[in-house]
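Participant: Pasting a structure here, questions to come.
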Amino acid sequence: MKSQENNLLTEIGPGTPAGNMFRRYWHPVAMSSQVPTPDCDPVSLDLLGERLVVFRDTEGRVGVLSDRCMHRGVSLGLGRVEEGGIRCIYHGWKFDVEGNILDTPNHPVCSYRESKKATAYKAVERSGIVWAYMGPADKEPPLRSLPSDNVPDSQRLVFRSNAKSSYLSMWEGGVDSSHVGILHTNAIRPNWGRRRRGEEVTPDRWDSLAPTYDVQDMDYGFRYVAFRDVPGQEGKRQARLVPTMMPGIRVLPGEEGFDLVIIEAPMGDCETGTYTILYSHDTELAHRTEEFKIFLGLVPPMYDDATHNVLMEWPNKLFQNRASMDSSWSGYDGIKPEDLAMALSLSKGWDRSTENLVAADIAVMRLRAMLKKAIKVTESGGDPVGWDFADMTQVLPTDQTIDKAFDWKLL
């Protein structure tokens, strides 16, 4: 990758090539729990380099507006949510969820209010997430349905984490299967700890640190598979298949009967909101919220539950506990802090043109190629990959043992 291509993929603000491309898709902007009740407090946040305010009006409708009041530019997130809209506390201008001006106390001219409109983006609420579309109105795609939308609410958990890292660093880590058995040794490869303690070890597939890979282009993006030998089963191999789709979505095989949808929503060039959705087709999960927070590592001091902000920074050494590394591979508890530490360590101007990629990086290379192609197509007036792919409820991951002669593309 050339230096200019690195900038092409990571700069996502208004008017940038990648920003224009990303605006052709729906993106998650907030969790429903961030605006839980009618007329509750609004929340100000960023998406695609723009500061937005999300609020729920008196009737329960969710609105997504520019956080800058169209009058004098102050934050609507400081405003009052009441009587069907959000009111700026500076001069009292009030707007509904569609951006219509309801009141201008310091300029009571009806014709003026009727001739103007605040910047408002179309918003849809589904499965605990508020989605926003920020692109051209005449090119609005359908809001896609994900596998996690296909289960009852009680069988789904939604978490959000905001980290000061590029969406690309986060997404690349998500499609890199070779790191799973290494970085996540604490959770995935217990034999490492057993060997260090001198205990008897039963070989398992995660002892293989150099899986082989394949990738298949799909209408929604691509899917990749990592193959690992299964000890004691000649002619067999374990296939871990992960669908990856625009924009920033992947579906991962979990364990204990649940899978995960993970969405990287670019907030700015160097900040990403990650939505982690755990779902099960047959198991109640609602009562296990605290358990899964610990499983993911979304706990203090690394994570602020009130703001959903990741608090790992270099002054606090990313909260790595090096004193524990005799028994902990990474010095972290939980999978999410391990992934976040890697992404955050790349946040200071990493230039991908200096990398030395190997065969294990095949899905990362395919991801970058997909993004570059989508940007080029959008700039030429076309439609980027998967923009109108509406129903993804049957696009599922898998992690299963198959015959080595079996064509994995039939999975």
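Quick note on naming: the chains in the structure tokens go A, B, ... in the order shown, residues restart at 1 in each chain, and ligands are numbered from 1 in order of appearance.
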With 8 Å as the cut-off and only C-alpha atoms counted, what is the closest atom pair between each nearby residue of region 101-193 of chain A and region 285-306 of chain A? Distances in Å to one decimal, ordered by chain and number, as CSV.
Facilitator:
residue,atom,partner,partner_atom,distance
A:Asp153,CA,A:Ala286,CA,7.9
A:Ser154,CA,A:Ala286,CA,5.1
A:Gln155,CA,A:Leu285,CA,4.9
A:Arg156,CA,A:Leu285,CA,6.1
A:Leu157,CA,A:Ala286,CA,6.5
A:Ser161,CA,A:Tyr303,CA,7.9
Participant: Step one, run DSSP on the backbone; step two, keep only residues of region 10-199 of chain A assigned to alpha helix (DSSP H); then write them as a ChimeraX atom specification.
Facilitator: /A:10,17-22,110-115,167-174,180-183,185-188,190-196
Participant: Ranking A:Asp219, A:Asp207, A:Asp399, A:Asp138 by minimum distance to Pro384 (chain A) and counting only C-alpha atoms, which one comes first?
Facilitator: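 For Pro384 (chain A), the nearest of the candidates is A:Asp219.
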Participant: Can you tell me, as a count of residues only, what residues are no more than 12 Å from region 3-17 of chain A when counting only C-alpha atoms, ignoring any on the same chain fewer than 5 positions away?
Facilitator: 50
Participant: Tell me which protein, DNA and RNA residues are within 7 Å of Gly386 (chain A), counting only C-alpha atoms, leaving out same-chain ones fewer than 5 positions away, and put them as a PyMOL selection string.
Facilitator: chain A and resi 219-221+246
Participant: List the spatial neighbours of Ile188 (chain A) as a list in words - criterion: any atom at most 12 Å away, only C-alpha atoms, same-chain residues fewer than 2 positions off excluded.
Facilitator: His179, Val180, Gly181, Ile182, Leu183, His184, Thr185, Asn186, Pro190, Asn191, Trp192, Gly193, Asp204, Arg205, Trp206, Asp207, Ser208, Leu209, Gly254, Glu255, Trp329, Gly334 and Ile335 of chain A
Participant: So, counting only C-alpha atoms, which residue among A:Val74, A:Met325, A:Leu344, A:Val201 is closest to Glu313 (chain A)?
Facilitator: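 Residue with the minimum atom-to-atom distance to Glu313 (chain A): A:Leu344.
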Participant: Report, in Å to a single decimal, how far apart CA of Val43 (chain A) and CA of Glu338 (chain A) are.
Facilitator: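 Interatomic distance here is 28.3 Å.
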Participant: Could the residues of region 200-278 of chain A that have an atom at most 12 Å from region 391-397 of chain A be listed as JSON lines, each with its closest atom pair and the distance in Å to one decimal, counting only C-alpha atoms and ordered by chain and ascending residue number?
Facilitator:
{"residue": "A:Met218", "atom": "CA", "partner": "A:Val395", "partner_atom": "CA", "distance": 10.5}
{"residue": "A:Asp219", "atom": "CA", "partner": "A:Met392", "partner_atom": "CA", "distance": 10.7}
{"residue": "A:Tyr220", "atom": "CA", "partner": "A:Met392", "partner_atom": "CA", "distance": 8.6}
{"residue": "A:Gly221", "atom": "CA", "partner": "A:Val395", "partner_atom": "CA", "distance": 11.3}
{"residue": "A:Phe222", "atom": "CA", "partner": "A:Val395", "partner_atom": "CA", "distance": 10.9}
{"residue": "A:Arg223", "atom": "CA", "partner": "A:Pro397", "partner_atom": "CA", "distance": 9.0}
{"residue": "A:Tyr224", "atom": "CA", "partner": "A:Pro397", "partner_atom": "CA", "distance": 9.9}
{"residue": "A:Val225", "atom": "CA", "partner": "A:Pro397", "partner_atom": "CA", "distance": 9.6}
{"residue": "A:Ala226", "atom": "CA", "partner": "A:Pro397", "partner_atom": "CA", "distance": 11.9}
{"residue": "A:Ala239", "atom": "CA", "partner": "A:Pro397", "partner_atom": "CA", "distance": 10.2}
{"residue": "A:Arg240", "atom": "CA", "partner": "A:Pro397", "partner_atom": "CA", "distance": 7.7}
{"residue": "A:Leu241", "atom": "CA", "partner": "A:Pro397", "partner_atom": "CA", "distance": 5.4}
{"residue": "A:Val242", "atom": "CA", "partner": "A:Pro397", "partner_atom": "CA", "distance": 5.1}
{"residue": "A:Pro243", "atom": "CA", "partner": "A:Pro397", "partner_atom": "CA", "distance": 6.2}
{"residue": "A:Thr244", "atom": "CA", "partner": "A:Val395", "partner_atom": "CA", "distance": 9.5}
{"residue": "A:Met245", "atom": "CA", "partner": "A:Met392", "partner_atom": "CA", "distance": 9.6}
{"residue": "A:Met246", "atom": "CA", "partner": "A:Met392", "partner_atom": "CA", "distance": 11.6}
{"residue": "A:Ile249", "atom": "CA", "partner": "A:Met392", "partner_atom": "CA", "distance": 11.1}
{"residue": "A:Arg250", "atom": "CA", "partner": "A:Pro397", "partner_atom": "CA", "distance": 9.1}
{"residue": "A:Val251", "atom": "CA", "partner": "A:Pro397", "partner_atom": "CA", "distance": 5.9}
{"residue": "A:Leu252", "atom": "CA", "partner": "A:Pro397", "partner_atom": "CA", "distance": 5.7}
{"residue": "A:Pro253", "atom": "CA", "partner": "A:Pro397", "partner_atom": "CA", "distance": 5.3}
{"residue": "A:Gly254", "atom": "CA", "partner": "A:Pro397", "partner_atom": "CA", "distance": 8.9}
{"residue": "A:Glu255", "atom": "CA", "partner": "A:Pro397", "partner_atom": "CA", "distance": 11.7}
{"residue": "A:Phe258", "atom": "CA", "partner": "A:Pro397", "partner_atom": "CA", "distance": 10.8}
{"residue": "A:Asp259", "atom": "CA", "partner": "A:Pro397", "partner_atom": "CA", "distance": 7.8}
{"residue": "A:Leu260", "atom": "CA", "partner": "A:Pro397", "partner_atom": "CA", "distance": 8.9}
{"residue": "A:Val261", "atom": "CA", "partner": "A:Pro397", "partner_atom": "CA", "distance": 9.7}
Participant: Those selected residues, please, written with N, CA, C and O atoms and delivered as a short mmCIF file (atom, residue, chain, number, x, y, z; two decimals), in the first residue's frame.
Facilitator:
data_model
loop_
_atom_site.label_atom_id
_atom_site.label_comp_id
_atom_site.auth_asym_id
_atom_site.auth_seq_id
_atom_site.Cartn_x
_atom_site.Cartn_y
_atom_site.Cartn_z
N MET A 218 -18.10 -11.74 -2.14
CA MET A 218 -19.55 -11.91 -2.06
C MET A 218 -20.23 -10.60 -2.45
O MET A 218 -19.59 -9.54 -2.48
N ASP A 219 -21.53 -10.67 -2.70
CA ASP A 219 -22.27 -9.46 -3.06
C ASP A 219 -22.25 -8.42 -1.96
O ASP A 219 -22.38 -7.23 -2.22
N TYR A 220 -22.11 -8.86 -0.72
CA TYR A 220 -22.12 -7.94 0.41
C TYR A 220 -20.71 -7.50 0.83
O TYR A 220 -20.56 -6.65 1.70
N GLY A 221 -19.68 -8.11 0.26
CA GLY A 221 -18.29 -7.83 0.64
C GLY A 221 -17.44 -9.05 0.36
O GLY A 221 -17.15 -9.39 -0.78
N PHE A 222 -17.05 -9.77 1.42
CA PHE A 222 -16.33 -11.03 1.24
C PHE A 222 -16.46 -11.85 2.51
O PHE A 222 -16.93 -11.38 3.55
N ARG A 223 -16.06 -13.10 2.42
CA ARG A 223 -15.94 -13.92 3.61
C ARG A 223 -14.61 -14.66 3.54
O ARG A 223 -14.10 -14.95 2.45
N TYR A 224 -14.03 -14.88 4.71
CA TYR A 224 -12.73 -15.55 4.73
C TYR A 224 -12.80 -16.73 5.70
O TYR A 224 -13.62 -16.76 6.62
N VAL A 225 -11.93 -17.68 5.49
CA VAL A 225 -11.89 -18.87 6.33
C VAL A 225 -10.45 -19.13 6.75
O VAL A 225 -9.52 -18.93 5.98
N ALA A 226 -10.29 -19.54 8.00
CA ALA A 226 -9.00 -19.97 8.52
C ALA A 226 -9.08 -21.46 8.84
O ALA A 226 -10.01 -21.90 9.54
N ALA A 239 -12.62 -25.35 10.27
CA ALA A 239 -12.85 -24.20 9.40
C ALA A 239 -13.57 -23.12 10.20
O ALA A 239 -14.69 -23.32 10.65
N ARG A 240 -12.89 -21.99 10.38
CA ARG A 240 -13.49 -20.83 11.07
C ARG A 240 -13.81 -19.79 10.02
O ARG A 240 -12.93 -19.12 9.49
N LEU A 241 -15.12 -19.65 9.71
CA LEU A 241 -15.59 -18.83 8.60
C LEU A 241 -16.22 -17.54 9.13
O LEU A 241 -17.09 -17.57 10.00
N VAL A 242 -15.76 -16.41 8.58
CA VAL A 242 -16.23 -15.10 9.05
C VAL A 242 -16.72 -14.26 7.86
O VAL A 242 -15.90 -13.87 7.01
N PRO A 243 -18.02 -13.97 7.75
CA PRO A 243 -18.51 -13.03 6.73
C PRO A 243 -18.12 -11.59 7.11
O PRO A 243 -18.19 -11.21 8.28
N THR A 244 -17.72 -10.83 6.11
CA THR A 244 -17.29 -9.43 6.31
C THR A 244 -18.01 -8.58 5.28
O THR A 244 -17.97 -8.87 4.09
N MET A 245 -18.67 -7.52 5.74
CA MET A 245 -19.52 -6.77 4.83
C MET A 245 -19.35 -5.27 5.06
O MET A 245 -19.00 -4.82 6.15
N MET A 246 -19.61 -4.52 4.01
CA MET A 246 -19.61 -3.07 4.12
C MET A 246 -20.88 -2.63 4.86
O MET A 246 -21.94 -3.23 4.70
N ILE A 249 -18.68 -4.16 9.01
CA ILE A 249 -19.42 -5.20 9.74
C ILE A 249 -18.76 -6.56 9.55
O ILE A 249 -18.31 -6.90 8.46
N ARG A 250 -18.73 -7.34 10.62
CA ARG A 250 -18.31 -8.74 10.52
C ARG A 250 -19.16 -9.57 11.47
O ARG A 250 -19.66 -9.06 12.47
N VAL A 251 -19.32 -10.85 11.12
CA VAL A 251 -20.10 -11.77 11.94
C VAL A 251 -19.16 -12.89 12.36
O VAL A 251 -18.59 -13.59 11.51
N LEU A 252 -18.99 -13.05 13.68
CA LEU A 252 -18.01 -13.99 14.21
C LEU A 252 -18.68 -15.17 14.90
O LEU A 252 -19.70 -15.00 15.59
N PRO A 253 -18.13 -16.36 14.73
CA PRO A 253 -18.62 -17.49 15.51
C PRO A 253 -18.19 -17.34 16.96
O PRO A 253 -17.03 -17.05 17.25
N GLY A 254 -19.12 -17.51 17.88
CA GLY A 254 -18.80 -17.40 19.29
C GLY A 254 -18.65 -18.77 19.91
O GLY A 254 -18.09 -19.69 19.31
N GLU A 255 -19.16 -18.91 21.11
CA GLU A 255 -19.12 -20.18 21.80
C GLU A 255 -20.33 -20.26 22.70
O GLU A 255 -21.10 -19.31 22.84
N PHE A 258 -23.70 -18.86 21.23
CA PHE A 258 -23.94 -17.49 20.76
C PHE A 258 -22.90 -17.10 19.72
O PHE A 258 -21.80 -17.64 19.67
N ASP A 259 -23.30 -16.18 18.85
CA ASP A 259 -22.40 -15.60 17.86
C ASP A 259 -22.36 -14.09 18.08
O ASP A 259 -23.07 -13.54 18.93
N LEU A 260 -21.51 -13.39 17.29
CA LEU A 260 -21.34 -11.97 17.48
C LEU A 260 -21.41 -11.23 16.16
O LEU A 260 -20.88 -11.69 15.14
N VAL A 261 -22.10 -10.08 16.15
CA VAL A 261 -22.00 -9.11 15.08
C VAL A 261 -21.21 -7.93 15.63
O VAL A 261 -21.53 -7.41 16.70
#
Participant: Rank nothing, just name the residue among A:Arg322, A:Leu65, A:Arg87, A:Glu256 nearest to Pro105 (chain A), using only C-alpha atoms.
Facilitator: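 For Pro105 (chain A), the nearest of the candidates is A:Arg87.
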Participant: Hey, which of A:Val124, A:Val364, A:Ile86, A:Leu411 ends up closest to Arg144 (chain A)? Count only C-alpha atoms.
Facilitator: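 Of A:Val124, A:Val364, A:Ile86, A:Leu411, the one nearest Arg144 (chain A), counting only C-alpha atoms, is A:Val124.
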Participant: Give me, as a list of chain:residue names, all polymer residues having an atom no more than 8 Å from region 88-95 of chain A, counting only C-alpha atoms and skipping those fewer than 3 positions away in the same chain.
Facilitator: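 Answer for this query is A:Cys69, A:His71, A:Val74, A:Ser75, A:Leu76, A:Leu78, A:Gly79, A:Arg80, A:Gly85, A:Glu98, A:Gly99, A:Asn100, A:Ile101, A:Leu102, A:Asp103, A:Thr104, A:Pro105, A:Asn106, A:Ala118.
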Participant: Write out, as a short mmCIF file (atom, residue, chain, number, x, y, z; two decimals), in the first residue's frame, the residues just selected, with all heavy atoms.
Facilitator:
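And here's selection12.cif as it stands now:
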data_model
loop_
_atom_site.label_atom_id
_atom_site.label_comp_id
_atom_site.auth_asym_id
_atom_site.auth_seq_id
_atom_site.Cartn_x
_atom_site.Cartn_y
_atom_site.Cartn_z
N CYS A 69 -26.55 24.24 16.36
CA CYS A 69 -27.79 24.96 16.12
C CYS A 69 -27.62 25.85 14.90
O CYS A 69 -26.63 26.58 14.77
CB CYS A 69 -28.16 25.80 17.33
SG CYS A 69 -29.66 26.79 17.10
N HIS A 71 -28.86 28.51 14.10
CA HIS A 71 -28.89 29.94 14.36
C HIS A 71 -27.49 30.50 14.57
O HIS A 71 -27.00 31.29 13.76
CB HIS A 71 -29.77 30.22 15.59
CG HIS A 71 -29.79 31.66 16.00
ND1 HIS A 71 -29.87 32.05 17.33
CD2 HIS A 71 -29.74 32.80 15.27
CE1 HIS A 71 -29.88 33.37 17.39
NE2 HIS A 71 -29.81 33.84 16.16
N VAL A 74 -24.16 26.94 18.38
CA VAL A 74 -23.86 26.31 19.66
C VAL A 74 -24.44 24.89 19.68
O VAL A 74 -25.23 24.50 18.83
CB VAL A 74 -24.40 27.14 20.84
CG1 VAL A 74 -23.83 28.54 20.83
CG2 VAL A 74 -25.93 27.18 20.82
N SER A 75 -24.07 24.12 20.69
CA SER A 75 -24.44 22.71 20.75
C SER A 75 -25.90 22.51 21.15
O SER A 75 -26.34 22.98 22.20
CB SER A 75 -23.55 21.97 21.75
OG SER A 75 -24.00 20.65 21.95
N LEU A 76 -26.62 21.77 20.32
CA LEU A 76 -27.98 21.38 20.68
C LEU A 76 -27.97 20.31 21.77
O LEU A 76 -28.98 20.10 22.45
CB LEU A 76 -28.73 20.85 19.45
CG LEU A 76 -29.18 21.90 18.43
CD1 LEU A 76 -29.79 21.22 17.21
CD2 LEU A 76 -30.17 22.89 19.04
N LEU A 78 -26.73 20.56 24.49
CA LEU A 78 -26.94 21.25 25.76
C LEU A 78 -28.39 21.68 25.93
O LEU A 78 -28.75 22.28 26.95
CB LEU A 78 -26.04 22.49 25.84
CG LEU A 78 -24.54 22.25 25.76
CD1 LEU A 78 -23.79 23.58 25.67
CD2 LEU A 78 -24.05 21.44 26.96
N GLY A 79 -29.20 21.36 24.92
CA GLY A 79 -30.56 21.90 24.88
C GLY A 79 -31.58 21.13 25.70
O GLY A 79 -31.27 20.14 26.37
N ARG A 80 -32.82 21.59 25.61
CA ARG A 80 -33.97 21.01 26.30
C ARG A 80 -34.77 20.16 25.32
O ARG A 80 -35.08 20.61 24.22
CB ARG A 80 -34.87 22.12 26.86
CG ARG A 80 -34.17 23.12 27.79
CD ARG A 80 -35.10 24.28 28.13
NE ARG A 80 -36.32 23.81 28.76
CZ ARG A 80 -36.47 23.63 30.08
NH1 ARG A 80 -35.44 23.87 30.89
NH2 ARG A 80 -37.61 23.21 30.58
N GLY A 85 -39.86 18.27 20.50
CA GLY A 85 -38.65 18.67 19.80
C GLY A 85 -37.50 18.94 20.75
O GLY A 85 -37.59 18.69 21.96
N GLU A 98 -37.28 15.89 12.20
CA GLU A 98 -37.01 16.04 10.78
C GLU A 98 -36.29 17.34 10.46
O GLU A 98 -36.04 17.64 9.29
CB GLU A 98 -38.32 15.95 9.99
CG GLU A 98 -39.00 14.59 10.11
CD GLU A 98 -40.32 14.55 9.38
OE1 GLU A 98 -40.83 15.63 8.99
OE2 GLU A 98 -40.86 13.44 9.20
N GLY A 99 -35.95 18.10 11.49
CA GLY A 99 -35.23 19.35 11.28
C GLY A 99 -36.12 20.56 11.05
O GLY A 99 -35.62 21.67 10.83
N ASN A 100 -37.45 20.37 11.09
CA ASN A 100 -38.35 21.52 10.93
C ASN A 100 -38.20 22.47 12.11
O ASN A 100 -38.06 22.03 13.26
CB ASN A 100 -39.80 21.04 10.83
CG ASN A 100 -40.03 20.16 9.62
OD1 ASN A 100 -39.69 20.53 8.50
ND2 ASN A 100 -40.59 18.98 9.84
N ILE A 101 -38.26 23.77 11.84
CA ILE A 101 -38.15 24.77 12.89
C ILE A 101 -39.53 24.97 13.51
O ILE A 101 -40.47 25.39 12.83
CB ILE A 101 -37.62 26.10 12.34
CG1 ILE A 101 -36.29 25.88 11.59
CG2 ILE A 101 -37.41 27.09 13.48
CD1 ILE A 101 -35.77 27.13 10.91
N LEU A 102 -39.65 24.68 14.79
CA LEU A 102 -40.93 24.79 15.49
C LEU A 102 -41.10 26.14 16.18
O LEU A 102 -42.23 26.59 16.38
CB LEU A 102 -41.06 23.67 16.52
CG LEU A 102 -40.94 22.23 16.00
CD1 LEU A 102 -41.07 21.25 17.16
CD2 LEU A 102 -41.98 21.96 14.93
N ASP A 103 -39.98 26.77 16.53
CA ASP A 103 -40.09 28.02 17.29
C ASP A 103 -38.79 28.81 17.17
O ASP A 103 -37.70 28.23 17.17
CB ASP A 103 -40.38 27.71 18.76
CG ASP A 103 -40.81 28.92 19.57
OD1 ASP A 103 -41.20 29.93 18.96
OD2 ASP A 103 -40.75 28.85 20.81
N THR A 104 -38.92 30.14 17.05
CA THR A 104 -37.76 31.05 17.06
C THR A 104 -38.15 32.25 17.93
O THR A 104 -38.53 33.30 17.41
CB THR A 104 -37.39 31.50 15.63
OG1 THR A 104 -38.57 32.04 14.99
CG2 THR A 104 -36.85 30.37 14.80
N PRO A 105 -38.06 32.13 19.24
CA PRO A 105 -38.56 33.17 20.14
C PRO A 105 -37.99 34.56 19.89
O PRO A 105 -38.69 35.57 20.09
CB PRO A 105 -38.13 32.66 21.53
CG PRO A 105 -38.04 31.19 21.37
CD PRO A 105 -37.53 30.98 19.98
N ASN A 106 -36.72 34.65 19.46
CA ASN A 106 -36.13 35.98 19.25
C ASN A 106 -36.37 36.51 17.84
O ASN A 106 -35.87 37.58 17.49
CB ASN A 106 -34.63 35.96 19.57
CG ASN A 106 -33.83 35.13 18.58
OD1 ASN A 106 -34.39 34.30 17.86
ND2 ASN A 106 -32.53 35.35 18.54
N ALA A 118 -33.26 22.76 9.68
CA ALA A 118 -31.99 22.32 10.25
C ALA A 118 -31.50 21.06 9.54
O ALA A 118 -32.29 20.32 8.94
CB ALA A 118 -32.15 22.05 11.75
#
Participant: Could you pull out the strand (DSSP E) residues of region 58-113 of chain A, going by DSSP on the backbone, and write them as a list in words?
Facilitator: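 Written out, the strand (DSSP E) residues of region 58-113 of chain A are Val62, Gly63, Val64, Leu65, Ser66, Arg80, Val81, Glu82, Gly85, Ile86, Arg87, Lys94, Phe95, Ile101, Leu102 and Asp103 of chain A.
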Participant: For Pro136 (chain A), which of A:Thr212, A:Asn356, A:Ser327, A:Asn20 is the closest residue, counting only C-alpha atoms?
Facilitator: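 Distance minimum relative to Pro136 (chain A) lands on A:Asn20.
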Participant: Quick check, in Å to one decimal: how far apart do CA of Asp67 (chain A) and CA of Tyr121 (chain A) lie?
Facilitator: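 It comes out at 11.4 Å.
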Participant: Pick the closest to Gly382 (chain A) from A:Cys40, A:Lys139, A:Phe319, A:Tyr332: which is it, counting only C-alpha atoms?
Facilitator: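 Going through A:Cys40, A:Lys139, A:Phe319, A:Tyr332 one by one, the smallest distance to Gly382 (chain A) is for A:Lys139.
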